[in-house]
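Trainee: Got a file for you: protein.txt, compact mmCIF, N, CA and C atoms.
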# COMPACT_ATOMS: atom_id res chain seq x y z
N ASN A 1 24.43 -82.97 25.58
CA ASN A 1 25.21 -81.75 25.42
C ASN A 1 25.75 -81.62 24.00
N PHE A 2 26.24 -82.73 23.43
CA PHE A 2 26.78 -82.71 22.07
C PHE A 2 25.72 -82.23 21.09
N LEU A 3 24.51 -82.76 21.21
CA LEU A 3 23.44 -82.39 20.29
C LEU A 3 23.08 -80.92 20.42
N GLN A 4 23.07 -80.41 21.64
CA GLN A 4 22.77 -79.00 21.85
C GLN A 4 23.84 -78.12 21.23
N LEU A 5 25.11 -78.50 21.40
CA LEU A 5 26.20 -77.72 20.82
C LEU A 5 26.13 -77.69 19.30
N LYS A 6 25.70 -78.78 18.69
CA LYS A 6 25.58 -78.88 17.24
C LYS A 6 24.22 -78.38 16.73
N GLN A 7 23.38 -77.91 17.65
CA GLN A 7 22.03 -77.42 17.34
C GLN A 7 21.21 -78.49 16.60
N ILE A 8 21.22 -79.69 17.19
CA ILE A 8 20.47 -80.83 16.65
C ILE A 8 19.28 -81.08 17.58
N GLU A 9 18.10 -81.11 17.01
CA GLU A 9 16.88 -81.33 17.78
C GLU A 9 16.29 -82.69 17.40
N ILE A 10 16.06 -83.55 18.37
CA ILE A 10 15.46 -84.85 18.11
C ILE A 10 13.96 -84.69 17.90
N ILE A 11 13.48 -85.22 16.77
CA ILE A 11 12.06 -85.15 16.44
C ILE A 11 11.34 -86.42 16.91
N SER A 12 11.92 -87.59 16.57
CA SER A 12 11.31 -88.85 17.00
C SER A 12 12.36 -89.94 17.14
N LEU A 13 12.09 -90.86 18.05
CA LEU A 13 12.95 -92.01 18.28
C LEU A 13 12.48 -93.15 17.39
N GLU A 14 13.38 -93.67 16.56
CA GLU A 14 13.04 -94.75 15.64
C GLU A 14 13.43 -96.11 16.20
N GLN A 15 14.63 -96.21 16.79
CA GLN A 15 15.13 -97.49 17.31
C GLN A 15 16.14 -97.20 18.42
N PHE A 16 16.13 -98.06 19.42
CA PHE A 16 17.06 -97.90 20.54
C PHE A 16 17.46 -99.29 21.02
N ASP A 17 18.76 -99.55 21.06
CA ASP A 17 19.28 -100.75 21.72
C ASP A 17 20.65 -100.40 22.28
N LYS A 18 21.33 -101.37 22.88
CA LYS A 18 22.59 -101.03 23.54
C LYS A 18 23.73 -100.73 22.57
N LYS A 19 23.58 -101.07 21.29
CA LYS A 19 24.64 -100.81 20.31
C LYS A 19 24.41 -99.57 19.45
N LYS A 20 23.15 -99.14 19.30
CA LYS A 20 22.90 -97.95 18.50
C LYS A 20 21.54 -97.32 18.81
N VAL A 21 21.47 -96.03 18.52
CA VAL A 21 20.24 -95.26 18.66
C VAL A 21 19.97 -94.63 17.30
N THR A 22 18.74 -94.79 16.82
CA THR A 22 18.33 -94.21 15.54
C THR A 22 17.18 -93.25 15.80
N VAL A 23 17.36 -92.01 15.34
CA VAL A 23 16.33 -90.99 15.54
C VAL A 23 16.15 -90.18 14.25
N ILE A 24 15.01 -89.52 14.17
CA ILE A 24 14.81 -88.49 13.17
C ILE A 24 15.12 -87.19 13.90
N ALA A 25 16.02 -86.41 13.34
CA ALA A 25 16.46 -85.18 14.01
C ALA A 25 16.41 -84.01 13.03
N ARG A 26 16.24 -82.84 13.58
CA ARG A 26 16.27 -81.62 12.78
C ARG A 26 17.68 -81.05 12.88
N ILE A 27 18.37 -80.99 11.73
CA ILE A 27 19.72 -80.45 11.67
C ILE A 27 19.69 -79.33 10.65
N HIS A 28 20.04 -78.13 11.08
CA HIS A 28 19.98 -76.94 10.20
C HIS A 28 18.59 -76.80 9.58
N SER A 29 17.58 -76.97 10.39
CA SER A 29 16.17 -76.81 10.00
C SER A 29 15.65 -77.86 9.03
N GLN A 30 16.43 -78.91 8.77
CA GLN A 30 15.98 -79.98 7.87
C GLN A 30 16.01 -81.31 8.60
N PRO A 31 15.01 -82.17 8.35
CA PRO A 31 15.01 -83.49 8.99
C PRO A 31 16.11 -84.39 8.42
N HIS A 32 16.74 -85.15 9.29
CA HIS A 32 17.78 -86.11 8.93
C HIS A 32 17.54 -87.39 9.72
N LEU A 33 18.04 -88.49 9.20
CA LEU A 33 18.14 -89.72 9.97
C LEU A 33 19.48 -89.65 10.69
N LEU A 34 19.45 -89.71 12.00
CA LEU A 34 20.68 -89.65 12.80
C LEU A 34 20.85 -90.99 13.49
N ILE A 35 22.01 -91.61 13.28
CA ILE A 35 22.31 -92.90 13.92
C ILE A 35 23.57 -92.73 14.75
N ALA A 36 23.46 -92.99 16.05
CA ALA A 36 24.58 -92.92 16.97
C ALA A 36 24.96 -94.34 17.38
N PHE A 37 26.21 -94.70 17.13
CA PHE A 37 26.70 -96.04 17.43
C PHE A 37 27.45 -96.04 18.75
N ASN A 38 27.20 -97.03 19.58
CA ASN A 38 27.91 -97.20 20.85
C ASN A 38 29.05 -98.18 20.63
N LYS A 39 29.94 -97.80 19.71
CA LYS A 39 31.12 -98.61 19.45
C LYS A 39 32.19 -97.71 18.85
N LYS A 40 33.41 -98.19 18.83
CA LYS A 40 34.52 -97.35 18.40
C LYS A 40 34.61 -97.17 16.90
N ARG A 41 34.28 -98.19 16.14
CA ARG A 41 34.44 -98.10 14.69
C ARG A 41 33.12 -98.34 13.98
N ILE A 42 32.92 -97.55 12.93
CA ILE A 42 31.78 -97.75 12.05
C ILE A 42 32.30 -98.54 10.85
N THR A 43 31.60 -99.60 10.50
CA THR A 43 32.02 -100.43 9.37
C THR A 43 31.31 -100.00 8.10
N GLU A 44 31.80 -100.50 6.98
CA GLU A 44 31.13 -100.24 5.70
C GLU A 44 29.70 -100.76 5.74
N GLU A 45 29.50 -101.90 6.37
CA GLU A 45 28.15 -102.47 6.49
C GLU A 45 27.22 -101.53 7.25
N ASN A 46 27.72 -100.89 8.32
CA ASN A 46 26.92 -99.92 9.07
C ASN A 46 26.51 -98.75 8.18
N ILE A 47 27.43 -98.28 7.37
CA ILE A 47 27.14 -97.15 6.49
C ILE A 47 26.13 -97.54 5.42
N ILE A 48 26.28 -98.71 4.85
CA ILE A 48 25.33 -99.17 3.82
C ILE A 48 23.94 -99.33 4.41
N LYS A 49 23.82 -99.91 5.60
CA LYS A 49 22.52 -100.06 6.23
C LYS A 49 21.90 -98.70 6.55
N ALA A 50 22.72 -97.76 7.00
CA ALA A 50 22.23 -96.41 7.28
C ALA A 50 21.76 -95.74 6.00
N TYR A 51 22.53 -95.90 4.94
CA TYR A 51 22.15 -95.33 3.64
C TYR A 51 20.80 -95.89 3.17
N ARG A 52 20.63 -97.19 3.29
CA ARG A 52 19.37 -97.82 2.86
C ARG A 52 18.18 -97.33 3.68
N LYS A 53 18.37 -97.23 4.98
CA LYS A 53 17.28 -96.75 5.84
C LYS A 53 16.94 -95.30 5.51
N ALA A 54 17.96 -94.47 5.30
CA ALA A 54 17.74 -93.07 4.96
C ALA A 54 17.05 -92.95 3.60
N ALA A 55 17.44 -93.78 2.64
CA ALA A 55 16.81 -93.76 1.32
C ALA A 55 15.35 -94.18 1.42
N GLU A 56 15.09 -95.16 2.26
CA GLU A 56 13.71 -95.62 2.49
C GLU A 56 12.84 -94.49 3.04
N LEU A 57 13.42 -93.67 3.90
CA LEU A 57 12.69 -92.55 4.50
C LEU A 57 12.84 -91.26 3.69
N ASN A 58 13.62 -91.34 2.61
CA ASN A 58 13.88 -90.18 1.75
C ASN A 58 14.48 -89.01 2.55
N LEU A 59 15.51 -89.34 3.37
CA LEU A 59 16.17 -88.34 4.21
C LEU A 59 17.68 -88.43 4.05
N PRO A 60 18.40 -87.33 4.23
CA PRO A 60 19.85 -87.42 4.36
C PRO A 60 20.16 -88.06 5.71
N TYR A 61 21.37 -88.56 5.88
CA TYR A 61 21.69 -89.21 7.15
C TYR A 61 22.97 -88.69 7.75
N TYR A 62 23.07 -88.84 9.08
CA TYR A 62 24.17 -88.32 9.87
C TYR A 62 24.57 -89.45 10.82
N LEU A 63 25.86 -89.78 10.88
CA LEU A 63 26.35 -90.87 11.72
C LEU A 63 27.23 -90.34 12.84
N LEU A 64 27.08 -90.91 14.02
CA LEU A 64 27.92 -90.58 15.17
C LEU A 64 28.53 -91.86 15.72
N ALA A 65 29.79 -91.77 16.16
CA ALA A 65 30.47 -92.91 16.79
C ALA A 65 31.41 -92.38 17.87
N LYS A 66 31.93 -93.29 18.65
CA LYS A 66 32.80 -92.92 19.76
C LYS A 66 34.21 -92.53 19.32
N ALA A 67 34.61 -92.90 18.14
CA ALA A 67 35.97 -92.60 17.68
C ALA A 67 35.94 -91.98 16.29
N GLU A 68 37.06 -91.44 15.90
CA GLU A 68 37.20 -90.87 14.56
C GLU A 68 37.09 -91.98 13.52
N PRO A 69 36.57 -91.65 12.34
CA PRO A 69 36.56 -92.65 11.27
C PRO A 69 37.99 -92.98 10.83
N THR A 70 38.17 -94.18 10.33
CA THR A 70 39.51 -94.56 9.86
C THR A 70 39.87 -93.74 8.63
N GLN A 71 41.14 -93.66 8.33
CA GLN A 71 41.60 -92.93 7.14
C GLN A 71 40.99 -93.53 5.88
N LYS A 72 40.92 -94.86 5.83
CA LYS A 72 40.33 -95.54 4.67
C LYS A 72 38.87 -95.13 4.49
N MET A 73 38.13 -95.05 5.59
CA MET A 73 36.72 -94.67 5.53
C MET A 73 36.57 -93.22 5.05
N LEU A 74 37.43 -92.33 5.52
CA LEU A 74 37.38 -90.94 5.08
C LEU A 74 37.68 -90.81 3.59
N GLU A 75 38.69 -91.55 3.13
CA GLU A 75 39.04 -91.51 1.71
C GLU A 75 37.92 -92.09 0.85
N LEU A 76 37.31 -93.16 1.31
CA LEU A 76 36.20 -93.76 0.58
C LEU A 76 35.02 -92.79 0.48
N SER A 77 34.74 -92.10 1.56
CA SER A 77 33.65 -91.12 1.58
C SER A 77 33.93 -90.00 0.58
N LYS A 78 35.15 -89.51 0.55
CA LYS A 78 35.51 -88.46 -0.42
C LYS A 78 35.41 -88.97 -1.85
N ALA A 79 35.83 -90.20 -2.07
CA ALA A 79 35.78 -90.79 -3.41
C ALA A 79 34.33 -90.89 -3.89
N TYR A 80 33.42 -91.31 -3.00
CA TYR A 80 32.01 -91.42 -3.38
C TYR A 80 31.40 -90.06 -3.69
N LYS A 81 31.78 -89.04 -2.94
CA LYS A 81 31.23 -87.70 -3.17
C LYS A 81 31.57 -87.19 -4.56
N ASN A 82 32.75 -87.51 -5.04
CA ASN A 82 33.18 -87.00 -6.34
C ASN A 82 32.86 -87.92 -7.50
N LEU A 83 32.30 -89.08 -7.23
CA LEU A 83 31.96 -90.02 -8.29
C LEU A 83 30.68 -89.57 -8.99
N SER A 84 30.75 -89.37 -10.29
CA SER A 84 29.55 -88.92 -11.00
C SER A 84 28.74 -90.07 -11.55
N LYS A 85 29.43 -91.17 -11.98
CA LYS A 85 28.69 -92.30 -12.54
C LYS A 85 29.62 -93.50 -12.71
N ILE A 86 29.03 -94.69 -12.63
CA ILE A 86 29.73 -95.91 -12.97
C ILE A 86 28.95 -96.54 -14.12
N ASP A 87 29.64 -96.83 -15.19
CA ASP A 87 29.00 -97.37 -16.39
C ASP A 87 29.60 -98.71 -16.75
N LYS A 88 28.82 -99.52 -17.40
CA LYS A 88 29.26 -100.84 -17.85
C LYS A 88 29.67 -100.75 -19.33
N LEU A 89 30.85 -101.26 -19.62
CA LEU A 89 31.28 -101.32 -21.02
C LEU A 89 30.50 -102.38 -21.76
N LEU A 90 30.08 -102.07 -22.95
CA LEU A 90 29.32 -103.03 -23.75
C LEU A 90 30.22 -103.79 -24.69
Show me this structure written as structure tokens.
Mentor:
Amino acid sequence: NFLQLKQIEIISLEQFDKKKVTVIARIHSQPHLLIAFNKKRITEENIIKAYRKAAELNLPYYLLAKAEPTQKMLELSKAYKNLSKIDKLL
């Protein structure tokens, strides 16, 4: 029901186990890697692994979990969006 309400169409099933489901889904007419976690909190490690898998498939990614992200995770996400570059001082 959630996917129908969000107009998300599953294209293919990539991985399924009791802790997470990974699919390729069409969201707003574009393919995405969608990962749904069967746990309350998403960790930084989960996000990094999702990012790597999405980069490997050259797709944007969408994460679902049973609970809201923590405030720290939301702030970190906003910080990354606005980061233009990290450079090393010589």
Trainee: Please, what is the axis-aligned box for every listed atom of range 68-72 of chain A with 8 Å on each side, as centre and edge lengths in Å to one decimal, as lines of an AutoDock Vina configuration file?
Mentor:
center_x = 39.1
center_y = -93.2
center_z = 10.2
size_x = 21.0
size_y = 20.7
size_z = 27.4
Trainee: Counting only N, CA and C atoms, what is within 6.5 Å of Leu63 in chain A, bar same-chain residues fewer than 3 positions away, as a PyMOL selection string?
Mentor: chain A and resi 33-37
Trainee: Compile the contact shell of Ala25 in chain A as a PDB file with N, CA and C atoms, in the frame of the given file: residues with an atom at most 7 Å away, counting only N, CA and C atoms, same-chain residues fewer than 3 positions apart removed.
Mentor:
ATOM      1  N   ILE A   8      21.220 -79.690  17.190  1.00  0.00           N
ATOM      2  CA  ILE A   8      20.470 -80.830  16.650  1.00  0.00           C
ATOM      3  C   ILE A   8      19.280 -81.080  17.580  1.00  0.00           C
ATOM      4  N   GLU A   9      18.100 -81.110  17.010  1.00  0.00           N
ATOM      5  CA  GLU A   9      16.880 -81.330  17.780  1.00  0.00           C
ATOM      6  C   GLU A   9      16.290 -82.690  17.400  1.00  0.00           C
ATOM      7  N   ILE A  10      16.060 -83.550  18.370  1.00  0.00           N
ATOM      8  CA  ILE A  10      15.460 -84.850  18.110  1.00  0.00           C
ATOM      9  C   ILE A  10      13.960 -84.690  17.900  1.00  0.00           C
ATOM     10  N   ILE A  11      13.480 -85.220  16.770  1.00  0.00           N
ATOM     11  CA  ILE A  11      12.060 -85.150  16.440  1.00  0.00           C
ATOM     12  C   ILE A  11      11.340 -86.420  16.910  1.00  0.00           C
ATOM     13  N   SER A  12      11.920 -87.590  16.570  1.00  0.00           N
ATOM     14  CA  SER A  12      11.310 -88.850  17.000  1.00  0.00           C
ATOM     15  C   SER A  12      12.360 -89.940  17.140  1.00  0.00           C
ATOM     16  N   GLN A  30      16.430 -78.910   8.770  1.00  0.00           N
ATOM     17  CA  GLN A  30      15.980 -79.980   7.870  1.00  0.00           C
ATOM     18  C   GLN A  30      16.010 -81.310   8.600  1.00  0.00           C
ATOM     19  N   PRO A  31      15.010 -82.170   8.350  1.00  0.00           N
ATOM     20  CA  PRO A  31      15.010 -83.490   8.990  1.00  0.00           C
ATOM     21  C   PRO A  31      16.110 -84.390   8.420  1.00  0.00           C
ATOM     22  N   HIS A  32      16.740 -85.150   9.290  1.00  0.00           N
ATOM     23  CA  HIS A  32      17.780 -86.110   8.930  1.00  0.00           C
ATOM     24  C   HIS A  32      17.540 -87.390   9.720  1.00  0.00           C
ATOM     25  N   LEU A  33      18.040 -88.490   9.200  1.00  0.00           N
ATOM     26  CA  LEU A  33      18.140 -89.720   9.970  1.00  0.00           C
ATOM     27  C   LEU A  33      19.480 -89.650  10.690  1.00  0.00           C
ATOM     28  N   LEU A  34      19.450 -89.710  12.000  1.00  0.00           N
ATOM     29  CA  LEU A  34      20.680 -89.650  12.800  1.00  0.00           C
ATOM     30  C   LEU A  34      20.850 -90.990  13.490  1.00  0.00           C
TER      31      LEU A  34
END
Trainee: How far is it from CA of Lys39 in chain A to atom C of Tyr61 in chain A, in Å with one decimal?
Mentor: 17.4 Å
Trainee: Skipping near chain neighbours, those fewer than 4 positions away, what residues fall within 8 Å of Ile42 in chain A using all atoms listed in the file, listed as a count of residues only?
Mentor: 11
Trainee: Which is closer to Ser29 in chain A than all the others in A:Leu90, A:Leu83, A:Arg52, A:Gln7, using all atoms listed in the file?
Mentor: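 With all atoms listed in the file as the atom set, the closest residue is A:Gln7.
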Trainee: Return as a ChimeraX atom specification the full set of residues in chain A whose backbone-based DSSP assignment is strand (DSSP E or B).
Mentor: /A:8-16,20-27,30-37,61-64
Trainee: Convert the current residue selection to file output with N, CA and C atoms, as a CSV table (one decimal), in the frame of the given file.
Mentor:
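Resulting contents of result-v9.csv:
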chain,number,residue,atom,x,y,z
A,8,ILE,N,21.2,-79.7,17.2
A,8,ILE,CA,20.5,-80.8,16.6
A,8,ILE,C,19.3,-81.1,17.6
A,9,GLU,N,18.1,-81.1,17.0
A,9,GLU,CA,16.9,-81.3,17.8
A,9,GLU,C,16.3,-82.7,17.4
A,10,ILE,N,16.1,-83.6,18.4
A,10,ILE,CA,15.5,-84.8,18.1
A,10,ILE,C,14.0,-84.7,17.9
A,11,ILE,N,13.5,-85.2,16.8
A,11,ILE,CA,12.1,-85.2,16.4
A,11,ILE,C,11.3,-86.4,16.9
A,12,SER,N,11.9,-87.6,16.6
A,12,SER,CA,11.3,-88.8,17.0
A,12,SER,C,12.4,-89.9,17.1
A,13,LEU,N,12.1,-90.9,18.0
A,13,LEU,CA,13.0,-92.0,18.3
A,13,LEU,C,12.5,-93.2,17.4
A,14,GLU,N,13.4,-93.7,16.6
A,14,GLU,CA,13.0,-94.8,15.6
A,14,GLU,C,13.4,-96.1,16.2
A,15,GLN,N,14.6,-96.2,16.8
A,15,GLN,CA,15.1,-97.5,17.3
A,15,GLN,C,16.1,-97.2,18.4
A,16,PHE,N,16.1,-98.1,19.4
A,16,PHE,CA,17.1,-97.9,20.5
A,16,PHE,C,17.5,-99.3,21.0
A,20,LYS,N,23.2,-99.1,19.3
A,20,LYS,CA,22.9,-98.0,18.5
A,20,LYS,C,21.5,-97.3,18.8
A,21,VAL,N,21.5,-96.0,18.5
A,21,VAL,CA,20.2,-95.3,18.7
A,21,VAL,C,20.0,-94.6,17.3
A,22,THR,N,18.7,-94.8,16.8
A,22,THR,CA,18.3,-94.2,15.5
A,22,THR,C,17.2,-93.2,15.8
A,23,VAL,N,17.4,-92.0,15.3
A,23,VAL,CA,16.3,-91.0,15.5
A,23,VAL,C,16.2,-90.2,14.2
A,24,ILE,N,15.0,-89.5,14.2
A,24,ILE,CA,14.8,-88.5,13.2
A,24,ILE,C,15.1,-87.2,13.9
A,25,ALA,N,16.0,-86.4,13.3
A,25,ALA,CA,16.5,-85.2,14.0
A,25,ALA,C,16.4,-84.0,13.0
A,26,ARG,N,16.2,-82.8,13.6
A,26,ARG,CA,16.3,-81.6,12.8
A,26,ARG,C,17.7,-81.0,12.9
A,27,ILE,N,18.4,-81.0,11.7
A,27,ILE,CA,19.7,-80.4,11.7
A,27,ILE,C,19.7,-79.3,10.6
A,30,GLN,N,16.4,-78.9,8.8
A,30,GLN,CA,16.0,-80.0,7.9
A,30,GLN,C,16.0,-81.3,8.6
A,31,PRO,N,15.0,-82.2,8.4
A,31,PRO,CA,15.0,-83.5,9.0
A,31,PRO,C,16.1,-84.4,8.4
A,32,HIS,N,16.7,-85.2,9.3
A,32,HIS,CA,17.8,-86.1,8.9
A,32,HIS,C,17.5,-87.4,9.7
A,33,LEU,N,18.0,-88.5,9.2
A,33,LEU,CA,18.1,-89.7,10.0
A,33,LEU,C,19.5,-89.6,10.7
A,34,LEU,N,19.4,-89.7,12.0
A,34,LEU,CA,20.7,-89.6,12.8
A,34,LEU,C,20.8,-91.0,13.5
A,35,ILE,N,22.0,-91.6,13.3
A,35,ILE,CA,22.3,-92.9,13.9
A,35,ILE,C,23.6,-92.7,14.8
A,36,ALA,N,23.5,-93.0,16.0
A,36,ALA,CA,24.6,-92.9,17.0
A,36,ALA,C,25.0,-94.3,17.4
A,37,PHE,N,26.2,-94.7,17.1
A,37,PHE,CA,26.7,-96.0,17.4
A,37,PHE,C,27.4,-96.0,18.8
A,61,TYR,N,21.4,-88.6,5.9
A,61,TYR,CA,21.7,-89.2,7.2
A,61,TYR,C,23.0,-88.7,7.8
A,62,TYR,N,23.1,-88.8,9.1
A,62,TYR,CA,24.2,-88.3,9.9
A,62,TYR,C,24.6,-89.4,10.8
A,63,LEU,N,25.9,-89.8,10.9
A,63,LEU,CA,26.4,-90.9,11.7
A,63,LEU,C,27.2,-90.3,12.8
A,64,LEU,N,27.1,-90.9,14.0
A,64,LEU,CA,27.9,-90.6,15.2
A,64,LEU,C,28.5,-91.9,15.7
Trainee: Can you list, as a VMD selection string, all residues belonging to chain A that DSSP tags as helix (DSSP H, G or I)?
Mentor: chain A and resid 2 to 5 44 to 57 71 to 82
Trainee: Between CA of Asn38 in chain A and atom N of Gln4 in chain A, what is the distance in Å, rounded to a tenth?
Mentor: 17.5 Å
Trainee: CA of Tyr62 in chain A to CA of Ala50 in chain A: how many Å, to one decimal?
Mentor: 8.7 Å
Trainee: Excluding Glu14 in chain A and residues on its chain fewer than 5 positions from it, collect all residues at most 7 Å away from it, counting all atoms listed in the file, and give them as JSON, numbers by chain.
Mentor: {"A": [21, 22, 23, 24]}
Trainee: For range 26-35 of chain A of the structure just presented, write all heavy atoms to a file, as a short mmCIF file (atom, residue, chain, number, x, y, z; two decimals), in the first residue's frame.
Mentor:
data_model
loop_
_atom_site.label_atom_id
_atom_site.label_comp_id
_atom_site.auth_asym_id
_atom_site.auth_seq_id
_atom_site.Cartn_x
_atom_site.Cartn_y
_atom_site.Cartn_z
N ARG A 26 10.77 2.04 -10.08
CA ARG A 26 10.54 3.24 -10.87
C ARG A 26 9.85 4.26 -9.96
O ARG A 26 8.75 4.01 -9.47
CB ARG A 26 9.68 2.93 -12.09
CG ARG A 26 9.63 4.04 -13.11
CD ARG A 26 8.84 3.70 -14.36
NE ARG A 26 8.75 2.28 -14.70
CZ ARG A 26 9.63 1.61 -15.46
NH1 ARG A 26 10.66 2.23 -15.96
NH2 ARG A 26 9.47 0.33 -15.72
N ILE A 27 10.54 5.38 -9.73
CA ILE A 27 10.01 6.45 -8.89
C ILE A 27 10.01 7.71 -9.74
O ILE A 27 11.05 8.12 -10.25
CB ILE A 27 10.87 6.66 -7.63
CG1 ILE A 27 10.97 5.35 -6.83
CG2 ILE A 27 10.31 7.78 -6.77
CD1 ILE A 27 11.97 5.38 -5.70
N HIS A 28 8.84 8.30 -9.93
CA HIS A 28 8.69 9.48 -10.80
C HIS A 28 9.27 9.20 -12.18
O HIS A 28 10.04 9.99 -12.72
CB HIS A 28 9.33 10.71 -10.17
CG HIS A 28 8.82 11.02 -8.81
ND1 HIS A 28 7.52 11.39 -8.57
CD2 HIS A 28 9.44 11.02 -7.61
CE1 HIS A 28 7.36 11.59 -7.28
NE2 HIS A 28 8.50 11.36 -6.67
N SER A 29 8.96 8.05 -12.72
CA SER A 29 9.36 7.62 -14.07
C SER A 29 10.85 7.38 -14.25
O SER A 29 11.32 7.20 -15.35
CB SER A 29 8.90 8.65 -15.12
OG SER A 29 7.51 8.80 -15.07
N GLN A 30 11.62 7.38 -13.15
CA GLN A 30 13.05 7.10 -13.25
C GLN A 30 13.41 5.91 -12.37
O GLN A 30 12.90 5.78 -11.26
CB GLN A 30 13.86 8.31 -12.79
CG GLN A 30 13.72 9.51 -13.70
CD GLN A 30 14.62 10.64 -13.24
OE1 GLN A 30 15.15 10.64 -12.14
NE2 GLN A 30 14.80 11.62 -14.12
N PRO A 31 14.32 5.05 -12.84
CA PRO A 31 14.74 3.91 -12.01
C PRO A 31 15.58 4.36 -10.82
O PRO A 31 16.38 5.29 -10.94
CB PRO A 31 15.54 3.04 -12.97
CG PRO A 31 15.92 3.91 -14.10
CD PRO A 31 14.95 5.03 -14.16
N HIS A 32 15.36 3.73 -9.69
CA HIS A 32 16.09 3.97 -8.45
C HIS A 32 16.40 2.63 -7.80
O HIS A 32 15.68 1.66 -7.99
CB HIS A 32 15.23 4.75 -7.45
CG HIS A 32 15.07 6.19 -7.73
ND1 HIS A 32 14.37 6.67 -8.81
CD2 HIS A 32 15.50 7.28 -7.05
CE1 HIS A 32 14.38 7.99 -8.79
NE2 HIS A 32 15.06 8.39 -7.72
N LEU A 33 17.44 2.62 -6.99
CA LEU A 33 17.68 1.50 -6.10
C LEU A 33 16.90 1.80 -4.83
O LEU A 33 17.10 2.85 -4.21
CB LEU A 33 19.18 1.37 -5.79
CG LEU A 33 19.55 0.24 -4.84
CD1 LEU A 33 19.30 -1.11 -5.50
CD2 LEU A 33 21.00 0.35 -4.41
N LEU A 34 15.99 0.93 -4.47
CA LEU A 34 15.17 1.12 -3.26
C LEU A 34 15.54 0.02 -2.27
O LEU A 34 15.50 -1.16 -2.62
CB LEU A 34 13.69 1.05 -3.61
CG LEU A 34 12.74 1.35 -2.46
CD1 LEU A 34 11.51 2.08 -2.98
CD2 LEU A 34 12.32 0.10 -1.73
N ILE A 35 15.92 0.43 -1.07
CA ILE A 35 16.27 -0.53 -0.02
C ILE A 35 15.35 -0.28 1.17
O ILE A 35 15.32 0.82 1.72
CB ILE A 35 17.75 -0.41 0.40
CG1 ILE A 35 18.65 -0.62 -0.81
CG2 ILE A 35 18.06 -1.41 1.51
CD1 ILE A 35 20.13 -0.38 -0.54
#
